[in-house]
Every structure is written in C-alpha cells, then in structure tokens.
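Structure data follow from target_14.txt (compact mmCIF, C-alpha atoms and all ligand atoms):
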# COMPACT_ATOMS: atom_id res chain seq x y z
CA MET A 1 -107.23 80.71 -156.86
CA GLU A 2 -104.45 82.01 -154.69
CA ILE A 3 -105.54 85.30 -153.12
CA ALA A 4 -103.08 87.57 -151.32
CA ILE A 5 -104.20 89.72 -148.41
CA VAL A 6 -102.02 92.57 -147.20
CA ALA A 7 -102.89 95.36 -144.78
CA HIS A 8 -100.91 98.24 -143.39
CA ASP A 9 -101.14 98.69 -139.62
CA ALA A 10 -103.77 101.44 -139.79
CA LYS A 11 -105.96 99.14 -141.91
CA LYS A 12 -105.50 95.83 -140.12
CA THR A 13 -108.75 96.05 -138.17
CA ASP A 14 -110.60 96.81 -141.40
CA MET A 15 -108.94 93.80 -143.04
CA LEU A 16 -109.90 91.56 -140.15
CA ASP A 17 -113.52 92.67 -140.39
CA PHE A 18 -113.38 92.20 -144.17
CA ILE A 19 -112.09 88.63 -144.11
CA LYS A 20 -114.55 87.68 -141.40
CA HIS A 21 -117.37 89.20 -143.44
CA ASN A 22 -116.20 87.22 -146.50
CA ARG A 23 -115.29 84.10 -144.56
CA GLU A 24 -117.49 81.82 -146.68
CA VAL A 25 -115.74 82.58 -149.96
CA LEU A 26 -112.24 82.96 -148.52
CA MET A 27 -112.48 79.55 -146.87
CA ARG A 28 -113.67 77.78 -150.01
CA GLU A 29 -111.47 74.91 -151.05
CA ASP A 30 -110.63 76.52 -154.38
CA VAL A 31 -109.17 79.52 -152.50
CA ASN A 32 -105.67 79.56 -151.01
CA LEU A 33 -104.84 82.58 -148.91
CA ILE A 34 -101.38 84.05 -148.68
CA ALA A 35 -100.44 87.16 -146.73
CA THR A 36 -97.63 89.33 -145.50
CA GLY A 37 -96.43 88.24 -142.06
CA THR A 38 -98.42 90.24 -139.57
CA THR A 39 -101.56 90.35 -141.66
CA GLY A 40 -101.29 86.57 -141.97
CA SER A 41 -100.90 86.03 -138.22
CA MET A 42 -103.97 88.11 -137.63
CA ALA A 43 -105.94 86.04 -140.13
CA GLU A 44 -104.69 82.80 -138.56
CA ASP A 45 -105.82 84.00 -135.16
CA ALA A 46 -109.26 84.48 -136.70
CA GLY A 47 -109.29 80.84 -137.85
CA PHE A 48 -108.09 81.14 -141.45
CA THR A 49 -105.46 78.93 -143.03
CA VAL A 50 -102.89 81.25 -144.54
CA ARG A 51 -99.49 80.84 -146.13
CA ARG A 52 -97.46 83.56 -144.48
CA MET A 53 -94.69 85.47 -146.22
CA LEU A 54 -92.25 87.78 -144.48
CA SER A 55 -93.61 90.89 -142.85
CA GLY A 56 -94.04 93.73 -145.35
CA PRO A 57 -91.07 95.85 -144.26
CA LEU A 58 -88.86 92.73 -144.33
CA GLY A 59 -89.74 91.76 -147.90
CA GLY A 60 -93.24 90.27 -147.77
CA ASP A 61 -94.64 92.56 -150.47
CA ALA A 62 -91.72 91.61 -152.69
CA GLN A 63 -92.37 87.91 -152.11
CA ILE A 64 -96.01 88.34 -153.10
CA ALA A 65 -94.97 90.35 -156.15
CA ALA A 66 -92.73 87.44 -157.17
CA ARG A 67 -95.64 85.02 -156.88
CA VAL A 68 -97.80 87.33 -159.01
CA GLY A 69 -95.02 87.40 -161.61
CA GLU A 70 -94.76 83.61 -161.55
CA GLY A 71 -98.49 83.26 -162.16
CA LYS A 72 -99.16 81.73 -158.74
CA THR A 73 -101.20 84.55 -157.17
CA GLY A 74 -104.39 85.45 -159.00
CA MET A 75 -105.73 88.32 -156.92
CA VAL A 76 -104.25 90.86 -154.49
CA LEU A 77 -106.31 92.60 -151.81
CA PHE A 78 -104.09 95.31 -150.36
CA PHE A 79 -105.58 97.59 -147.72
CA LYS A 80 -103.08 100.41 -148.10
CA ASP A 81 -102.68 103.23 -145.62
CA PRO A 82 -102.57 106.28 -147.88
CA LEU A 83 -101.77 108.62 -144.99
CA GLY A 84 -98.72 106.86 -143.58
CA LYS A 85 -95.06 106.70 -144.54
CA HIS A 86 -93.60 103.28 -145.10
CA PRO A 87 -89.90 102.39 -145.16
CA HIS A 88 -90.56 99.75 -147.81
CA GLU A 89 -92.39 102.04 -150.25
CA PRO A 90 -90.30 100.72 -153.18
CA ASP A 91 -91.51 97.18 -152.45
CA ILE A 92 -95.12 98.37 -152.21
CA ASN A 93 -94.87 100.12 -155.56
CA MET A 94 -93.25 97.05 -157.05
CA LEU A 95 -96.18 94.87 -155.96
CA LEU A 96 -98.66 97.31 -157.52
CA ARG A 97 -96.63 97.51 -160.72
CA ILE A 98 -96.21 93.77 -161.08
CA CYS A 99 -99.98 93.30 -160.74
CA ASP A 100 -100.45 95.72 -163.63
CA VAL A 101 -97.70 94.09 -165.68
CA HIS A 102 -99.41 90.71 -165.35
CA ASN A 103 -103.01 91.97 -165.47
CA VAL A 104 -103.77 90.55 -162.03
CA PRO A 105 -106.79 92.00 -160.19
CA LEU A 106 -105.59 94.34 -157.47
CA ALA A 107 -107.66 96.19 -154.88
CA THR A 108 -105.99 98.89 -152.84
CA ASN A 109 -109.02 99.74 -150.72
CA GLU A 110 -111.86 97.90 -149.09
CA ALA A 111 -114.63 98.98 -151.46
CA THR A 112 -112.75 97.61 -154.46
CA ALA A 113 -111.77 94.47 -152.58
CA GLN A 114 -115.43 93.76 -151.87
CA MET A 115 -116.28 94.19 -155.54
CA LEU A 116 -113.52 91.76 -156.54
CA ILE A 117 -114.66 89.17 -154.03
CA ASP A 118 -118.28 89.57 -155.15
CA ALA A 119 -117.22 89.13 -158.78
CA PHE A 120 -115.12 86.09 -157.85
CA LYS A 121 -118.05 84.61 -155.94
CA HIS A 122 -120.38 84.88 -158.90
CA ARG A 123 -117.99 84.13 -161.74
CA LYS A 124 -118.75 81.27 -164.03
CA GLU A 125 -115.98 79.01 -165.21
CA ILE A 126 -115.28 79.41 -168.93
O1 LIG B 201 -96.31 96.36 -144.67
C1 LIG B 201 -97.17 95.70 -145.18
C2 LIG B 201 -97.54 95.88 -146.57
O2 LIG B 201 -96.76 96.83 -147.24
C3 LIG B 201 -97.90 94.68 -144.40
O3 LIG B 201 -97.02 93.85 -143.71
P1 LIG B 201 -97.48 93.07 -142.43
O4 LIG B 201 -98.70 92.29 -142.78
O5 LIG B 201 -96.35 92.16 -142.04
O6 LIG B 201 -97.77 94.11 -141.36
Write the structure described by the file as structure tokens, please.
Ligand SMILES: O=C(CO)COP(=O)(O)O
Amino acid sequence: MEIAIVAHDAKKTDMLDFIKHNREVLMREDVNLIATGTTGSMAEDAGFTVRRMLSGPLGGDAQIAARVGEGKTGMVLFFKDPLGKHPHEPDINMLLRICDVHNVPLATNEATAQMLIDAFKHRKEI
C-alpha cells in the first residue's frame, strides 16, 4: 500500500518519532511511503525510502490529493498543526476532502495515525 506522510512544521518532530516508532511496518516491502517535500527529507534522513512530492506550500498536498483521487495512495497520515495559519489552506482542505470523496483512511493526528497503522499491521487479506 502507498502511505502518505505529511507534517506541518510544529508537528515534524512528532512525525519523526512516529515513523521511527513504526519503522518495522513502514519499511515493509508492501509499503511505499510518499511525503510532502520537507517531511520526506526528514524521513529520508532517518533512513526511510520515500517518494518526495513538492513541499506543502508549493503544491505537495495537492499532488498527494491527486494520487488519492487516482487510487494510488491508500492511506494518509497528516500531522496537522491546528494552531497555525497556513498559506496553502485550500490545498490542505482539498487533500482532506479528496480522502473523504474516495473513502481513503485519513488520520489528522498522531493518536488516529497509530490506530490506522495498528489496524494495517493486523489486517488480514480478503
Ligand atoms: O505544509 C505541509 C502540509 O500542508 C507539509 O509540507 P512539508 O512537508 O514540505 O513541510
């Protein structure tokens, strides 16, 4: 499954801790990670193989939304900063909306992301 990871600046450290904590599942060969630009660089520095999109403010959220729409991305883990203002708010909302349109699992905080990863880890193929 292609899993997208995205983190706003205030949540990047949390995302780094999260992916390290879930390294075993995120590095499985049936998992392909994609990310917005800066989040992706951070993950690469931590040893992950990641397909990097543009940085969020430059269109990265929109690129991930397109991949969700095309059926390529199967899960989105988005550590949103609910206290900050973001110049690309329309793109952020588009990504959230497109996940709902296509019924793609979307976590917008760490607790939900952990539940999704746990569910993914234990799912049985049908
Ligand atoms: O802005 C973002 C998501 O909306 C994240 O983008 P970066 O990973 O490039 O910082």
- request: Residues within 10 Å of ligand LIG 201 (chain B) should be enumerated using all atoms listed in the file and returned as JSON, numbers by chain.
  value: {"A": [5, 6, 7, 8, 9, 10, 11, 12, 35, 36, 37, 38, 39, 40, 41, 42, 43, 52, 53, 54, 55, 56, 57, 58, 59, 60, 61, 62, 78, 79, 80, 81, 86, 87, 88, 89, 90, 91, 92, 93, 95]}
Counting all atoms listed in the file, closest pick from A:Ala65, A:Phe18, A:Arg23, A:Leu33 relative to Val104 (chain A) is A:Ala65
Show me the residues close to (-113.2, 83.3, -137.3) - anything with an atom within 12 Å, counting all atoms listed in the file - and format the list as a VMD selection string. chain A and resid 16 to 24 26 to 27 42 to 49
Would you put the residues from that selection into a file with C-alpha atoms, as a PDB file, keeping the file's coordinate frame?
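Below is the file out.pdb, written as the result:
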ATOM      1  CA  LEU A  16    -109.900  91.560-140.150  1.00  0.00           C
ATOM      2  CA  ASP A  17    -113.520  92.670-140.390  1.00  0.00           C
ATOM      3  CA  PHE A  18    -113.380  92.200-144.170  1.00  0.00           C
ATOM      4  CA  ILE A  19    -112.090  88.630-144.110  1.00  0.00           C
ATOM      5  CA  LYS A  20    -114.550  87.680-141.400  1.00  0.00           C
ATOM      6  CA  HIS A  21    -117.370  89.200-143.440  1.00  0.00           C
ATOM      7  CA  ASN A  22    -116.200  87.220-146.500  1.00  0.00           C
ATOM      8  CA  ARG A  23    -115.290  84.100-144.560  1.00  0.00           C
ATOM      9  CA  GLU A  24    -117.490  81.820-146.680  1.00  0.00           C
ATOM     10  CA  LEU A  26    -112.240  82.960-148.520  1.00  0.00           C
ATOM     11  CA  MET A  27    -112.480  79.550-146.870  1.00  0.00           C
ATOM     12  CA  MET A  42    -103.970  88.110-137.630  1.00  0.00           C
ATOM     13  CA  ALA A  43    -105.940  86.040-140.130  1.00  0.00           C
ATOM     14  CA  GLU A  44    -104.690  82.800-138.560  1.00  0.00           C
ATOM     15  CA  ASP A  45    -105.820  84.000-135.160  1.00  0.00           C
ATOM     16  CA  ALA A  46    -109.260  84.480-136.700  1.00  0.00           C
ATOM     17  CA  GLY A  47    -109.290  80.840-137.850  1.00  0.00           C
ATOM     18  CA  PHE A  48    -108.090  81.140-141.450  1.00  0.00           C
ATOM     19  CA  THR A  49    -105.460  78.930-143.030  1.00  0.00           C
TER      20      THR A  49
END
**Message:** Under the rule that all atoms listed in the file are counted, which of A:Met115, A:Asp30, A:Ala4, A:Asp14 is the nearest residue to Ala66 (chain A)?
**Reply:**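 Smallest distance to Ala66 (chain A) is found for A:Ala4.
Of note, CA of Val50 (chain A) and CA of Leu83 (chain A) are spaced 27.4 Å apart.
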Pairwise distance, CA of Val101 (chain A) with CA of Glu29 (chain A), equals 27.8 Å
Students should find that CA of Gly71 (chain A) and CA of Ala119 (chain A) are spaced 19.9 Å
What's the 8 Å shell around Glu2 (chain A), counting all atoms listed in the file, without same-chain residues fewer than 4 positions away, as a list in words? Val31, Asn32, Leu33, Ile34, Lys72, Thr73, Gly74 and Met75 of chain A
